[in-house]
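Asker: So that you have it, the file is entry-v7.tsv, and it contains TSV, C-alpha atoms:
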```tsv
chain	number	residue	atom	x	y	z
F	1	MET	CA	-6.31	1.70	-14.14
F	2	LEU	CA	-3.31	2.72	-16.27
F	3	GLU	CA	-2.39	5.49	-13.81
F	4	LYS	CA	-2.33	2.95	-10.99
F	5	LEU	CA	-0.23	0.55	-13.09
F	6	ASP	CA	2.29	3.30	-13.92
F	7	PHE	CA	2.50	4.19	-10.22
F	8	LEU	CA	3.13	0.53	-9.34
F	9	THR	CA	5.80	0.31	-12.06
F	10	GLU	CA	7.73	3.16	-10.43
F	11	LYS	CA	7.26	1.62	-6.99
F	12	TYR	CA	8.46	-1.76	-8.30
F	13	LYS	CA	11.65	-0.17	-9.71
F	14	GLU	CA	12.23	1.73	-6.46
F	15	LEU	CA	11.82	-1.46	-4.39
F	16	GLY	CA	14.17	-3.29	-6.75
F	17	GLN	CA	16.86	-0.69	-6.01
F	18	LYS	CA	16.22	-0.86	-2.26
F	19	ILE	CA	16.58	-4.65	-2.00
F	20	SER	CA	19.94	-4.35	-3.77
F	21	ASP	CA	21.19	-1.60	-1.44
F	22	PRO	CA	23.93	-2.97	0.90
F	23	GLU	CA	22.79	-0.71	3.78
F	24	ILE	CA	19.22	-2.06	3.59
F	25	ILE	CA	20.45	-5.66	3.17
F	26	ALA	CA	22.32	-5.23	6.46
F	27	ASP	CA	18.99	-4.62	8.25
F	28	ASN	CA	17.28	-7.98	7.76
F	29	SER	CA	13.79	-6.96	8.99
F	30	VAL	CA	13.61	-3.92	6.66
F	31	TRP	CA	15.09	-5.87	3.73
F	32	THR	CA	12.58	-8.72	4.25
F	33	LYS	CA	9.71	-6.20	4.25
F	34	TYR	CA	10.86	-4.69	0.93
F	35	VAL	CA	11.43	-8.13	-0.63
F	36	LYS	CA	7.84	-9.13	0.24
F	37	GLU	CA	6.43	-5.89	-1.23
F	38	HIS	CA	8.51	-6.42	-4.39
F	39	ALA	CA	7.29	-10.03	-4.70
F	40	ASP	CA	3.65	-8.96	-4.19
F	41	ILE	CA	3.85	-6.46	-7.07
F	42	GLU	CA	5.79	-8.74	-9.44
F	43	PRO	CA	2.78	-10.69	-10.85
F	44	VAL	CA	1.10	-7.38	-11.73
F	45	MET	CA	4.27	-6.15	-13.46
F	46	ILE	CA	4.63	-9.34	-15.52
F	47	LYS	CA	1.01	-9.07	-16.65
F	48	TYR	CA	1.37	-5.32	-17.35
F	49	GLN	CA	4.43	-5.90	-19.55
F	50	GLU	CA	2.45	-8.50	-21.51
F	51	TYR	CA	-0.41	-6.00	-21.85
F	52	LYS	CA	1.88	-3.20	-23.11
F	53	LYS	CA	3.48	-5.59	-25.62
F	54	THR	CA	0.02	-6.60	-26.90
F	55	VAL	CA	-1.08	-2.94	-27.20
F	56	SER	CA	2.09	-2.15	-29.17
F	57	GLU	CA	1.58	-5.15	-31.48
F	58	LEU	CA	-2.05	-4.12	-32.03
F	59	SER	CA	-0.98	-0.59	-32.95
F	60	ASP	CA	1.60	-1.94	-35.43
F	61	ALA	CA	-0.98	-4.29	-36.99
F	62	ARG	CA	-3.48	-1.46	-37.50
F	63	GLU	CA	-0.76	0.62	-39.11
F	64	MET	CA	0.13	-2.26	-41.44
F	65	LEU	CA	-3.54	-2.68	-42.35
F	66	GLY	CA	-3.68	0.91	-43.57
F	67	GLU	CA	-0.68	0.27	-45.84
F	68	ALA	CA	-1.78	-3.17	-47.11
F	69	LYS	CA	-2.13	-3.45	-50.92
F	70	ASP	CA	-2.69	-7.19	-51.22
F	71	LYS	CA	-6.20	-8.55	-50.37
F	72	GLU	CA	-4.89	-11.81	-48.89
F	73	PHE	CA	-2.36	-9.95	-46.75
F	74	GLU	CA	-5.12	-7.57	-45.62
F	75	GLU	CA	-7.29	-10.48	-44.45
F	76	MET	CA	-4.34	-11.97	-42.57
F	77	ILE	CA	-3.75	-8.64	-40.77
F	78	LYS	CA	-7.46	-8.38	-39.90
F	79	ASP	CA	-7.35	-11.84	-38.30
F	80	GLU	CA	-4.30	-10.79	-36.30
F	81	ILE	CA	-6.06	-7.60	-35.15
F	82	THR	CA	-9.08	-9.62	-33.97
F	83	GLU	CA	-6.81	-12.01	-32.08
F	84	LEU	CA	-4.80	-9.20	-30.47
F	85	THR	CA	-7.96	-7.25	-29.54
F	86	ASP	CA	-9.36	-10.30	-27.74
F	87	LYS	CA	-6.03	-10.82	-25.98
F	88	LYS	CA	-5.93	-7.16	-24.91
F	89	GLU	CA	-9.43	-7.38	-23.42
F	90	THR	CA	-8.54	-10.59	-21.56
F	91	LEU	CA	-5.37	-9.02	-20.15
F	92	GLU	CA	-7.34	-5.95	-19.03
F	93	GLU	CA	-9.72	-8.16	-17.04
F	94	GLU	CA	-6.80	-10.08	-15.52
F	95	LEU	CA	-5.11	-6.83	-14.53
F	96	LYS	CA	-8.31	-5.56	-12.91
F	97	LEU	CA	-8.41	-8.71	-10.78
F	98	LEU	CA	-4.74	-8.35	-9.83
F	99	LEU	CA	-5.37	-4.74	-8.79
F	100	LEU	CA	-8.25	-5.64	-6.46
F	101	PRO	CA	-7.32	-4.92	-2.82
F	102	LYS	CA	-5.74	-7.98	-1.26
F	103	ASP	CA	-7.19	-9.46	1.92
F	104	PRO	CA	-4.29	-9.10	4.39
F	105	ASN	CA	-5.32	-12.38	6.04
F	106	ASP	CA	-5.34	-14.52	2.87
F	107	GLU	CA	-1.96	-16.17	3.46
F	108	LYS	CA	-2.64	-17.00	7.12
F	109	ASN	CA	-3.28	-20.32	8.80
F	110	VAL	CA	-6.84	-20.88	10.01
F	111	PHE	CA	-8.81	-22.13	12.95
F	112	VAL	CA	-11.92	-24.05	11.89
F	113	GLU	CA	-14.72	-24.40	14.44
F	114	ILE	CA	-17.49	-26.92	13.69
F	115	ARG	CA	-20.53	-27.25	15.96
F	116	ALA	CA	-23.46	-29.63	15.69
F	117	GLY	CA	-26.73	-27.74	15.22
F	118	THR	CA	-30.31	-28.95	15.00
F	119	GLY	CA	-30.70	-32.71	14.59
F	120	GLY	CA	-29.25	-34.32	17.72
F	121	GLU	CA	-26.96	-37.30	17.07
F	122	GLU	CA	-27.40	-36.93	13.30
F	123	ALA	CA	-26.09	-33.34	13.52
F	124	ALA	CA	-23.10	-34.53	15.59
F	125	LEU	CA	-22.35	-37.23	13.00
F	126	PHE	CA	-22.55	-34.59	10.25
F	127	ALA	CA	-20.15	-32.34	12.19
F	128	GLY	CA	-17.75	-35.32	12.20
F	129	THR	CA	-18.24	-35.75	8.45
F	130	LEU	CA	-17.38	-32.07	7.85
F	131	PHE	CA	-14.32	-32.38	10.10
F	132	ARG	CA	-13.05	-35.31	8.00
F	133	MET	CA	-13.90	-33.47	4.76
F	134	TYR	CA	-11.78	-30.44	5.66
F	135	ASN	CA	-8.93	-32.64	6.88
F	136	ARG	CA	-8.96	-34.60	3.60
F	137	TYR	CA	-8.88	-31.30	1.71
F	138	ALA	CA	-5.94	-30.17	3.86
F	139	GLU	CA	-4.10	-33.43	3.05
F	140	ARG	CA	-4.63	-32.85	-0.68
F	141	ARG	CA	-3.05	-29.40	-0.36
F	142	GLY	CA	-0.20	-30.54	1.88
F	143	TRP	CA	-1.40	-28.59	4.92
F	144	LYS	CA	-0.83	-29.62	8.53
F	145	SER	CA	-3.85	-30.26	10.79
F	146	GLU	CA	-3.98	-30.09	14.58
F	147	ILE	CA	-6.98	-30.54	16.89
F	148	ILE	CA	-7.22	-27.71	19.42
F	149	SER	CA	-10.35	-28.76	21.29
F	150	SER	CA	-13.04	-31.38	20.78
F	151	ASN	CA	-16.20	-32.74	22.35
F	152	ALA	CA	-16.79	-36.11	20.70
F	153	THR	CA	-19.87	-38.33	20.91
F	154	ASN	CA	-19.83	-42.10	21.51
F	155	ILE	CA	-20.88	-42.92	17.93
F	156	GLY	CA	-18.14	-41.07	16.06
F	157	GLY	CA	-19.51	-37.55	15.81
F	158	PHE	CA	-18.69	-34.22	17.44
F	159	LYS	CA	-20.82	-31.83	19.44
F	160	GLU	CA	-17.97	-29.37	18.79
F	161	VAL	CA	-14.49	-29.56	17.33
F	162	ILE	CA	-11.92	-26.80	16.86
F	163	PHE	CA	-8.83	-27.49	14.79
F	164	MET	CA	-6.03	-25.57	13.12
F	165	LEU	CA	-4.96	-25.92	9.48
F	166	GLU	CA	-1.46	-24.67	8.71
F	167	GLY	CA	-0.54	-23.99	5.10
F	168	ARG	CA	0.08	-21.24	2.60
F	169	GLY	CA	-3.14	-19.49	1.59
F	170	ALA	CA	-5.34	-21.55	3.94
F	171	TYR	CA	-7.59	-18.59	4.78
F	172	SER	CA	-7.88	-17.50	1.14
F	173	ARG	CA	-9.26	-20.94	0.24
F	174	LEU	CA	-11.47	-21.64	3.25
F	175	LYS	CA	-12.86	-18.25	4.27
F	176	TYR	CA	-16.07	-18.86	2.29
F	177	GLU	CA	-16.91	-21.95	4.38
F	178	SER	CA	-18.31	-20.00	7.35
F	179	GLY	CA	-22.04	-20.47	7.84
F	180	VAL	CA	-24.70	-23.13	8.30
F	181	HIS	CA	-24.17	-26.43	6.45
F	182	ARG	CA	-27.32	-28.55	6.07
F	183	VAL	CA	-27.48	-32.29	5.45
F	184	GLN	CA	-30.36	-34.39	4.14
F	185	ARG	CA	-29.98	-38.15	4.56
F	186	ILE	CA	-31.67	-41.32	5.84
F	187	PRO	CA	-30.24	-42.21	9.27
F	188	SER	CA	-29.19	-45.84	9.80
F	189	THR	CA	-31.71	-46.01	12.66
F	190	GLU	CA	-34.59	-44.91	10.40
F	191	SER	CA	-36.58	-48.03	9.50
F	192	GLY	CA	-39.17	-46.17	7.41
F	193	GLY	CA	-36.61	-44.76	4.99
F	194	ARG	CA	-37.53	-41.14	5.74
F	195	ILE	CA	-35.05	-38.38	4.97
F	196	HIS	CA	-33.94	-36.38	8.01
F	197	THR	CA	-32.54	-32.86	7.88
F	198	SER	CA	-29.89	-31.69	10.34
F	199	ALA	CA	-27.26	-28.99	10.38
F	200	ALA	CA	-23.84	-27.91	11.64
F	201	THR	CA	-22.26	-24.47	11.79
F	202	VAL	CA	-18.75	-23.77	10.52
F	203	ALA	CA	-16.60	-20.78	11.47
F	204	VAL	CA	-13.27	-20.16	9.73
F	205	LEU	CA	-10.98	-17.71	11.55
F	206	PRO	CA	-7.56	-16.48	10.40
F	207	GLU	CA	-4.77	-17.10	12.89
F	208	ALA	CA	-4.01	-13.85	14.69
F	209	GLN	CA	-0.43	-12.66	15.02
F	210	ASP	CA	0.70	-10.58	17.99
F	211	VAL	CA	0.67	-7.50	15.75
F	212	ASP	CA	-2.99	-8.15	14.84
F	213	VAL	CA	-4.43	-8.50	18.32
F	214	GLU	CA	-3.09	-7.17	21.60
F	215	ILE	CA	-4.60	-8.67	24.75
F	216	ASN	CA	-4.21	-7.04	28.13
F	217	PRO	CA	-3.48	-9.85	30.67
F	218	ASN	CA	-5.71	-7.99	33.16
F	219	ASP	CA	-8.64	-8.59	30.79
F	220	LEU	CA	-8.32	-12.37	31.13
F	221	ARG	CA	-9.68	-14.81	33.68
F	222	ILE	CA	-7.94	-18.19	33.62
F	223	ASP	CA	-9.70	-21.18	35.18
F	224	VAL	CA	-8.28	-24.70	35.37
F	225	PHE	CA	-10.28	-27.92	35.74
F	226	ARG	CA	-9.94	-31.65	35.30
F	227	SER	CA	-10.22	-32.97	31.74
F	228	SER	CA	-13.06	-35.38	31.05
F	229	GLY	CA	-13.77	-37.78	28.21
F	230	HIS	CA	-16.85	-39.62	26.98
F	231	GLY	CA	-19.57	-39.96	29.61
F	232	GLY	CA	-17.70	-37.78	32.09
F	233	GLN	CA	-14.83	-40.19	32.69
F	234	SER	CA	-11.56	-38.61	33.78
F	235	VAL	CA	-8.89	-38.39	31.08
F	236	ASN	CA	-6.15	-37.69	33.62
F	237	THR	CA	-5.91	-36.99	37.31
F	238	THR	CA	-4.52	-33.45	37.14
F	239	ASP	CA	-6.25	-30.14	36.60
F	240	SER	CA	-4.76	-29.67	33.12
F	241	ALA	CA	-7.83	-28.36	31.24
F	242	VAL	CA	-7.94	-24.57	30.83
F	243	ARG	CA	-10.81	-22.13	30.36
F	244	VAL	CA	-9.90	-18.58	29.28
F	245	THR	CA	-12.49	-15.80	29.57
F	246	HIS	CA	-11.95	-12.44	27.85
F	247	LEU	CA	-13.77	-10.13	30.27
F	248	PRO	CA	-14.41	-7.12	27.92
F	249	THR	CA	-16.16	-9.25	25.25
F	250	GLY	CA	-17.33	-12.23	27.30
F	251	LEU	CA	-15.62	-14.64	24.86
F	252	VAL	CA	-14.83	-18.01	26.47
F	253	VAL	CA	-12.38	-20.61	25.10
F	254	SER	CA	-11.76	-24.01	26.71
F	255	CYS	CA	-9.02	-26.46	25.82
F	256	GLN	CA	-8.39	-29.90	27.34
F	257	ASP	CA	-6.85	-31.99	24.55
F	258	GLU	CA	-3.29	-31.68	25.88
F	259	LYS	CA	-2.05	-33.26	29.12
F	260	SER	CA	-0.04	-30.12	29.84
F	261	GLN	CA	-1.88	-27.18	31.41
F	262	LEU	CA	0.59	-24.78	29.77
F	263	LYS	CA	-0.02	-26.21	26.28
F	264	ASN	CA	-3.78	-26.06	26.78
F	265	LYS	CA	-3.47	-22.43	27.86
F	266	GLU	CA	-1.35	-21.58	24.79
F	267	LYS	CA	-3.87	-23.22	22.45
F	268	ALA	CA	-6.83	-21.50	24.14
F	269	LEU	CA	-5.12	-18.09	23.82
F	270	LYS	CA	-4.46	-18.72	20.11
F	271	VAL	CA	-8.15	-19.44	19.52
F	272	LEU	CA	-9.16	-16.41	21.60
F	273	LYS	CA	-6.90	-14.13	19.53
F	274	ALA	CA	-8.36	-15.56	16.32
F	275	ARG	CA	-11.91	-14.91	17.53
F	276	LEU	CA	-11.06	-11.33	18.52
F	277	LEU	CA	-9.47	-10.76	15.10
F	278	ASP	CA	-12.56	-12.27	13.46
F	279	MET	CA	-14.78	-9.81	15.37
F	280	GLU	CA	-12.62	-6.92	14.15
F	281	ILE	CA	-12.73	-8.18	10.54
F	282	ALA	CA	-16.54	-8.48	10.74
F	283	ARG	CA	-16.78	-4.90	12.08
F	284	GLN	CA	-14.55	-3.56	9.29
F	285	ASN	CA	-16.47	-5.48	6.62
F	286	GLU	CA	-19.74	-4.06	7.92
F	287	GLU	CA	-18.36	-0.53	7.68
F	288	ILE	CA	-17.06	-1.12	4.14
F	289	ALA	CA	-20.22	-2.82	2.92
F	290	GLN	CA	-22.64	-0.35	4.57
F	291	SER	CA	-25.99	-1.27	3.06
F	292	ARG	CA	-24.52	-3.59	0.42
F	293	LYS	CA	-24.10	-7.25	1.43
F	294	ASN	CA	-21.66	-9.47	-0.43
F	295	GLN	CA	-23.42	-12.84	-0.24
F	296	VAL	CA	-20.28	-14.89	-0.88
F	297	GLY	CA	-17.94	-13.21	1.56
F	298	SER	CA	-20.33	-12.22	4.34
F	299	GLY	CA	-19.20	-15.06	6.63
F	300	ASP	CA	-22.53	-14.84	8.45
F	301	ARG	CA	-22.66	-17.81	10.84
F	302	SER	CA	-26.48	-17.88	10.73
F	303	GLU	CA	-26.68	-17.97	6.94
F	304	ARG	CA	-27.49	-21.35	5.36
F	305	ILE	CA	-24.78	-21.62	2.75
F	306	ARG	CA	-24.82	-25.22	1.56
F	307	THR	CA	-26.93	-28.39	1.44
F	308	TYR	CA	-25.53	-31.92	1.24
F	309	ASN	CA	-28.23	-34.24	-0.14
F	310	TYR	CA	-27.31	-37.93	0.22
F	311	PRO	CA	-30.28	-39.54	-1.61
F	312	GLN	CA	-29.59	-37.42	-4.72
F	313	GLY	CA	-25.79	-37.51	-4.34
F	314	ARG	CA	-25.53	-33.73	-4.70
F	315	VAL	CA	-24.10	-30.73	-2.90
F	316	THR	CA	-25.56	-27.26	-3.53
F	317	ASP	CA	-24.07	-23.91	-2.57
F	318	HIS	CA	-27.01	-21.52	-2.19
F	319	ARG	CA	-24.96	-18.31	-2.44
F	320	ILE	CA	-23.88	-18.92	-6.03
F	321	GLY	CA	-26.52	-21.47	-7.07
F	322	LEU	CA	-23.94	-24.13	-7.92
F	323	THR	CA	-24.90	-27.82	-7.65
F	324	LEU	CA	-22.35	-30.62	-8.02
F	325	TYR	CA	-23.52	-34.23	-8.41
F	326	GLN	CA	-20.40	-35.71	-6.82
F	327	LEU	CA	-21.20	-35.74	-3.12
F	328	GLU	CA	-18.96	-38.71	-2.31
F	329	ASN	CA	-15.87	-37.07	-3.84
F	330	PHE	CA	-16.76	-33.73	-2.25
F	331	LEU	CA	-16.96	-35.26	1.24
F	332	ASP	CA	-13.60	-36.93	0.54
F	333	GLY	CA	-12.04	-33.45	0.29
F	334	ASP	CA	-12.41	-32.72	-3.43
F	335	LEU	CA	-13.52	-29.12	-2.82
F	336	GLU	CA	-11.51	-27.30	-5.51
F	337	GLU	CA	-14.31	-26.77	-8.07
F	338	MET	CA	-16.66	-25.32	-5.44
F	339	ILE	CA	-14.01	-23.11	-3.83
F	340	ASP	CA	-12.77	-21.82	-7.21
F	341	ALA	CA	-16.36	-20.92	-8.14
F	342	LEU	CA	-16.85	-19.06	-4.83
F	343	ILE	CA	-13.60	-17.11	-5.33
F	344	THR	CA	-14.58	-16.19	-8.91
F	345	SER	CA	-18.02	-15.02	-7.77
F	346	ASP	CA	-16.49	-12.95	-4.98
F	347	GLN	CA	-14.01	-11.33	-7.37
F	348	ALA	CA	-16.78	-10.53	-9.86
F	349	GLU	CA	-18.80	-8.88	-7.07
F	350	LYS	CA	-15.81	-6.80	-5.99
F	351	LEU	CA	-15.10	-5.75	-9.57
F	352	LYS	CA	-18.71	-4.67	-10.00
F	353	ASN	CA	-18.52	-2.66	-6.79
F	354	THR	CA	-15.33	-0.87	-7.87
F	355	GLU	CA	-16.93	0.07	-11.20
F	356	GLU	CA	-20.12	1.50	-9.66
```
Output the file's structure in the form of structure tokens.
Answerer:
Amino acid sequence: MLEKLDFLTEKYKELGQKISDPEIIADNSVWTKYVKEHADIEPVMIKYQEYKKTVSELSDAREMLGEAKDKEFEEMIKDEITELTDKKETLEEELKLLLLPKDPNDEKNVFVEIRAGTGGEEAALFAGTLFRMYNRYAERRGWKSEIISSNATNIGGFKEVIFMLEGRGAYSRLKYESGVHRVQRIPSTESGGRIHTSAATVAVLPEAQDVDVEINPNDLRIDVFRSSGHGGQSVNTTDSAVRVTHLPTGLVVSCQDEKSQLKNKEKALKVLKARLLDMEIARQNEEIAQSRKNQVGSGDRSERIRTYNYPQGRVTDHRIGLTLYQLENFLDGDLEEMIDALITSDQAEKLKNTEE
């Protein structure tokens, strides 16, 4: 670890010189690249300086202990050594976390796809509940939300809804939400008071940049059709809805929420790029993991990750065994405690893997 930290210290100094070089400043794209690299390393450097200071203070305290003549002074030095030793160990753990490989997609915006699963209308209503939950969470974090495509039901649910959340670190916070979400509640139509179970699937995809995914126009089939609303009624009288098919993979994306055919096409292509990037990320993760499966970060769409139990007012994440008895607040977008616990669990798993 110390070798890596010393290497980063030299790199940090070198980058500091480069971003002050007038020739590099003149080339904005190169300068911006170096500034970002410098900023990425800075938190590690600040923590490393604190660590080195603590190690030095610990060494001085141990030296003073060997020279202590007074019993009271000796006890005071021992207390200081205990305190500094604990601080050193804490800083070591924090540095290990900072040195974990960063997910290159963490700072990206996300597309969230929610689909009603088993449970008919109840599942569609639950998909709508999840949609509102994530939008409330986005509001709390100051993120922007935009619906890309939706297939709503007449009673306020969704058979499917795709929306984009724009904000710093959106993917880093929401990437653990992919999977099957299960709900247990008594439907309003249930006269016998029996609990019904239904489900919805959630997929969280990082927004793909042009440098991430390159699509050959010849690999696309673009179809246009007339938008329709509830019960098949026409939303407008022009063929503005767009269906994009990626021929090599068979991926199909439809978008009809905009009145402009061009805007619908742009949105559909954005979602298609995100799905292609997601496929590539899944392939890379499979190669890295080999036989080992990280339960928190697997993103397996078929994996039941969470249960929302209305009668008991609880939400349980099955990957980390965490249950929170604050379902109402959770569904109102208060997700921080759960997401923080998932991130901590994922980091612990990665640390364990690096030490094996």
Asker: Quick one: distance from atom CA of F:Glu160 to atom CA of F:Gly193 in Å, one decimal?
Answerer: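 Distance reported for this atom pair: 27.8 Å.
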Asker: Name all residues at most 7 Å from stretch 254-268 of chain F (count all atoms listed in the file; drop same-chain ones fewer than 3 positions away) and give them as a ChimeraX atom specification.
Answerer: /F:148-149,227,240-244,271-272
Asker: Around (-18.5, -28.8, 16.0), as given in the file, which residues come within 12 Å? Count all atoms listed in the file and list them as an MDAnalysis selection string.
Answerer: chainID F and resid 112:118 123:132 147:153 157:163 180:181 199:204
Asker: Report, in Å to a single decimal, how far apart atom CA of F:Ser172 and atom CA of F:Asn105 are.
Answerer: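 Distance between the two atoms: 7.5 Å.
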Asker: Within 8 Å of stretch 331-338 of chain F, counting all atoms listed in the file, which residues show up once you throw out same-chain ones fewer than 6 positions away? Write them as a PyMOL selection string, please.
Answerer: chain F and resi 129-130+132-138+140+322
Asker: Just how far from atom CA of F:Asn329 is atom CA of F:Arg182, in Å to one decimal?
Answerer: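 Atom-to-atom, atom CA of F:Arg182 and atom CA of F:Asn329 are spaced 17.4 Å apart.
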Asker: Which residues are close to F:Asn109, i.e. within 7 Å by only C-alpha atoms, leaving aside same-chain residues fewer than 3 positions away? Reply as a list in words.
Answerer: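 Listed by chain and then number, they are Leu165, Glu166, Gly167, Ala170, Tyr171, Pro206 and Glu207 of chain F.
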Asker: Grab the residues selected above and save them as a PDB file, keeping the file's coordinate frame with C-alpha atoms.
Answerer:
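Wrote result.pdb, looks like this:
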```
ATOM      1  CA  LEU F 165      -4.960 -25.920   9.480  1.00  0.00           C
ATOM      2  CA  GLU F 166      -1.460 -24.670   8.710  1.00  0.00           C
ATOM      3  CA  GLY F 167      -0.540 -23.990   5.100  1.00  0.00           C
ATOM      4  CA  ALA F 170      -5.340 -21.550   3.940  1.00  0.00           C
ATOM      5  CA  TYR F 171      -7.590 -18.590   4.780  1.00  0.00           C
ATOM      6  CA  PRO F 206      -7.560 -16.480  10.400  1.00  0.00           C
ATOM      7  CA  GLU F 207      -4.770 -17.100  12.890  1.00  0.00           C
TER       8      GLU F 207
END
```
Asker: If you count all atoms listed in the file, which residues fall within 12 Å of F:Ile343, apart from same-chain ones fewer than 5 positions away, as a ChimeraX atom specification?
Answerer: /F:97,106,171-177,295-297,319-320,336-338,348-350
Asker: Can those selected residues be exported to a file as an mmCIF file, in the coordinates of the input so that it contains C-alpha atoms?
Answerer:
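Okay, this is what ended up in selection-v8.cif:
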```cif
data_model
loop_
_atom_site.group_PDB
_atom_site.id
_atom_site.type_symbol
_atom_site.label_atom_id
_atom_site.label_comp_id
_atom_site.auth_asym_id
_atom_site.auth_seq_id
_atom_site.Cartn_x
_atom_site.Cartn_y
_atom_site.Cartn_z
ATOM 1 C CA LEU F 97 -8.410 -8.710 -10.780
ATOM 2 C CA ASP F 106 -5.340 -14.520 2.870
ATOM 3 C CA TYR F 171 -7.590 -18.590 4.780
ATOM 4 C CA SER F 172 -7.880 -17.500 1.140
ATOM 5 C CA ARG F 173 -9.260 -20.940 0.240
ATOM 6 C CA LEU F 174 -11.470 -21.640 3.250
ATOM 7 C CA LYS F 175 -12.860 -18.250 4.270
ATOM 8 C CA TYR F 176 -16.070 -18.860 2.290
ATOM 9 C CA GLU F 177 -16.910 -21.950 4.380
ATOM 10 C CA GLN F 295 -23.420 -12.840 -0.240
ATOM 11 C CA VAL F 296 -20.280 -14.890 -0.880
ATOM 12 C CA GLY F 297 -17.940 -13.210 1.560
ATOM 13 C CA ARG F 319 -24.960 -18.310 -2.440
ATOM 14 C CA ILE F 320 -23.880 -18.920 -6.030
ATOM 15 C CA GLU F 336 -11.510 -27.300 -5.510
ATOM 16 C CA GLU F 337 -14.310 -26.770 -8.070
ATOM 17 C CA MET F 338 -16.660 -25.320 -5.440
ATOM 18 C CA ALA F 348 -16.780 -10.530 -9.860
ATOM 19 C CA GLU F 349 -18.800 -8.880 -7.070
ATOM 20 C CA LYS F 350 -15.810 -6.800 -5.990
#
```
Asker: For F:Glu63, work out the shell of residues within 12 Å, counting only C-alpha atoms and skipping chain neighbours fewer than 4 positions away, then give it as a ChimeraX atom specification.
Answerer: /F:56-59,67-68,74,77-78,81
Asker: Go through F:Arg62, F:Arg275, F:Lys69, F:Lys144 and flag the residue nearest F:Thr82, using only C-alpha atoms for the distances.
Answerer: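 Checking each candidate against F:Thr82, we get F:Arg62 as the closest.
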Asker: Which residue out of F:Leu84, F:Met64, F:Ile19, F:Ile25 has the minimum interatomic distance to F:Glu50 when only C-alpha atoms are used?
Answerer: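 So, comparing all the options, the nearest one is F:Leu84.
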Asker: For a cutoff of 7 Å around the file-coordinate point (-34.6, -35.6, 4.1), which residues qualify once you count all atoms listed in the file? I'd like the result as a PDB file with C-alpha atoms, in the coordinates of the input.
Answerer:
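Generated file (selection_8.pdb):
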```
ATOM      1  CA  GLN F 184     -30.360 -34.390   4.140  1.00  0.00           C
ATOM      2  CA  ARG F 185     -29.980 -38.150   4.560  1.00  0.00           C
ATOM      3  CA  ILE F 186     -31.670 -41.320   5.840  1.00  0.00           C
ATOM      4  CA  ARG F 194     -37.530 -41.140   5.740  1.00  0.00           C
ATOM      5  CA  ILE F 195     -35.050 -38.380   4.970  1.00  0.00           C
ATOM      6  CA  HIS F 196     -33.940 -36.380   8.010  1.00  0.00           C
ATOM      7  CA  THR F 197     -32.540 -32.860   7.880  1.00  0.00           C
TER       8      THR F 197
END
```
Asker: Hey, which of F:Leu91, F:Leu205, F:Val224, F:Leu100 ends up closest to F:Lys352? Count all atoms listed in the file.
Answerer: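 Using all atoms listed in the file, F:Lys352 sits closest to F:Leu100.
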Asker: Could you add whatever atoms are missing so that stretch 26-37 of chain F carries N, CA and C atoms, then write the result as a short mmCIF file (atom, residue, chain, number, x, y, z; two decimals), in the coordinates of the input?
Answerer:
```cif
data_model
loop_
_atom_site.label_atom_id
_atom_site.label_comp_id
_atom_site.auth_asym_id
_atom_site.auth_seq_id
_atom_site.Cartn_x
_atom_site.Cartn_y
_atom_site.Cartn_z
N ALA F 26 21.75 -5.04 5.12
CA ALA F 26 22.32 -5.23 6.46
C ALA F 26 21.25 -5.26 7.55
N ASP F 27 20.11 -4.61 7.29
CA ASP F 27 18.99 -4.62 8.25
C ASP F 27 17.97 -5.65 7.77
N ASN F 28 18.06 -6.85 8.28
CA ASN F 28 17.28 -7.98 7.76
C ASN F 28 15.77 -7.75 7.79
N SER F 29 15.24 -7.15 8.86
CA SER F 29 13.79 -6.96 8.99
C SER F 29 13.27 -6.00 7.92
N VAL F 30 14.02 -4.90 7.68
CA VAL F 30 13.61 -3.92 6.66
C VAL F 30 13.74 -4.54 5.27
N TRP F 31 14.86 -5.24 5.03
CA TRP F 31 15.09 -5.87 3.73
C TRP F 31 13.99 -6.90 3.42
N THR F 32 13.63 -7.71 4.43
CA THR F 32 12.58 -8.72 4.25
C THR F 32 11.24 -8.07 3.88
N LYS F 33 10.95 -6.94 4.53
CA LYS F 33 9.71 -6.20 4.25
C LYS F 33 9.67 -5.73 2.79
N TYR F 34 10.80 -5.18 2.32
CA TYR F 34 10.86 -4.69 0.93
C TYR F 34 10.80 -5.84 -0.08
N VAL F 35 11.44 -6.96 0.26
CA VAL F 35 11.43 -8.13 -0.63
C VAL F 35 10.00 -8.64 -0.80
N LYS F 36 9.23 -8.68 0.30
CA LYS F 36 7.84 -9.13 0.24
C LYS F 36 7.01 -8.19 -0.62
N GLU F 37 7.17 -6.88 -0.43
CA GLU F 37 6.43 -5.89 -1.23
C GLU F 37 6.76 -6.06 -2.71
#
```
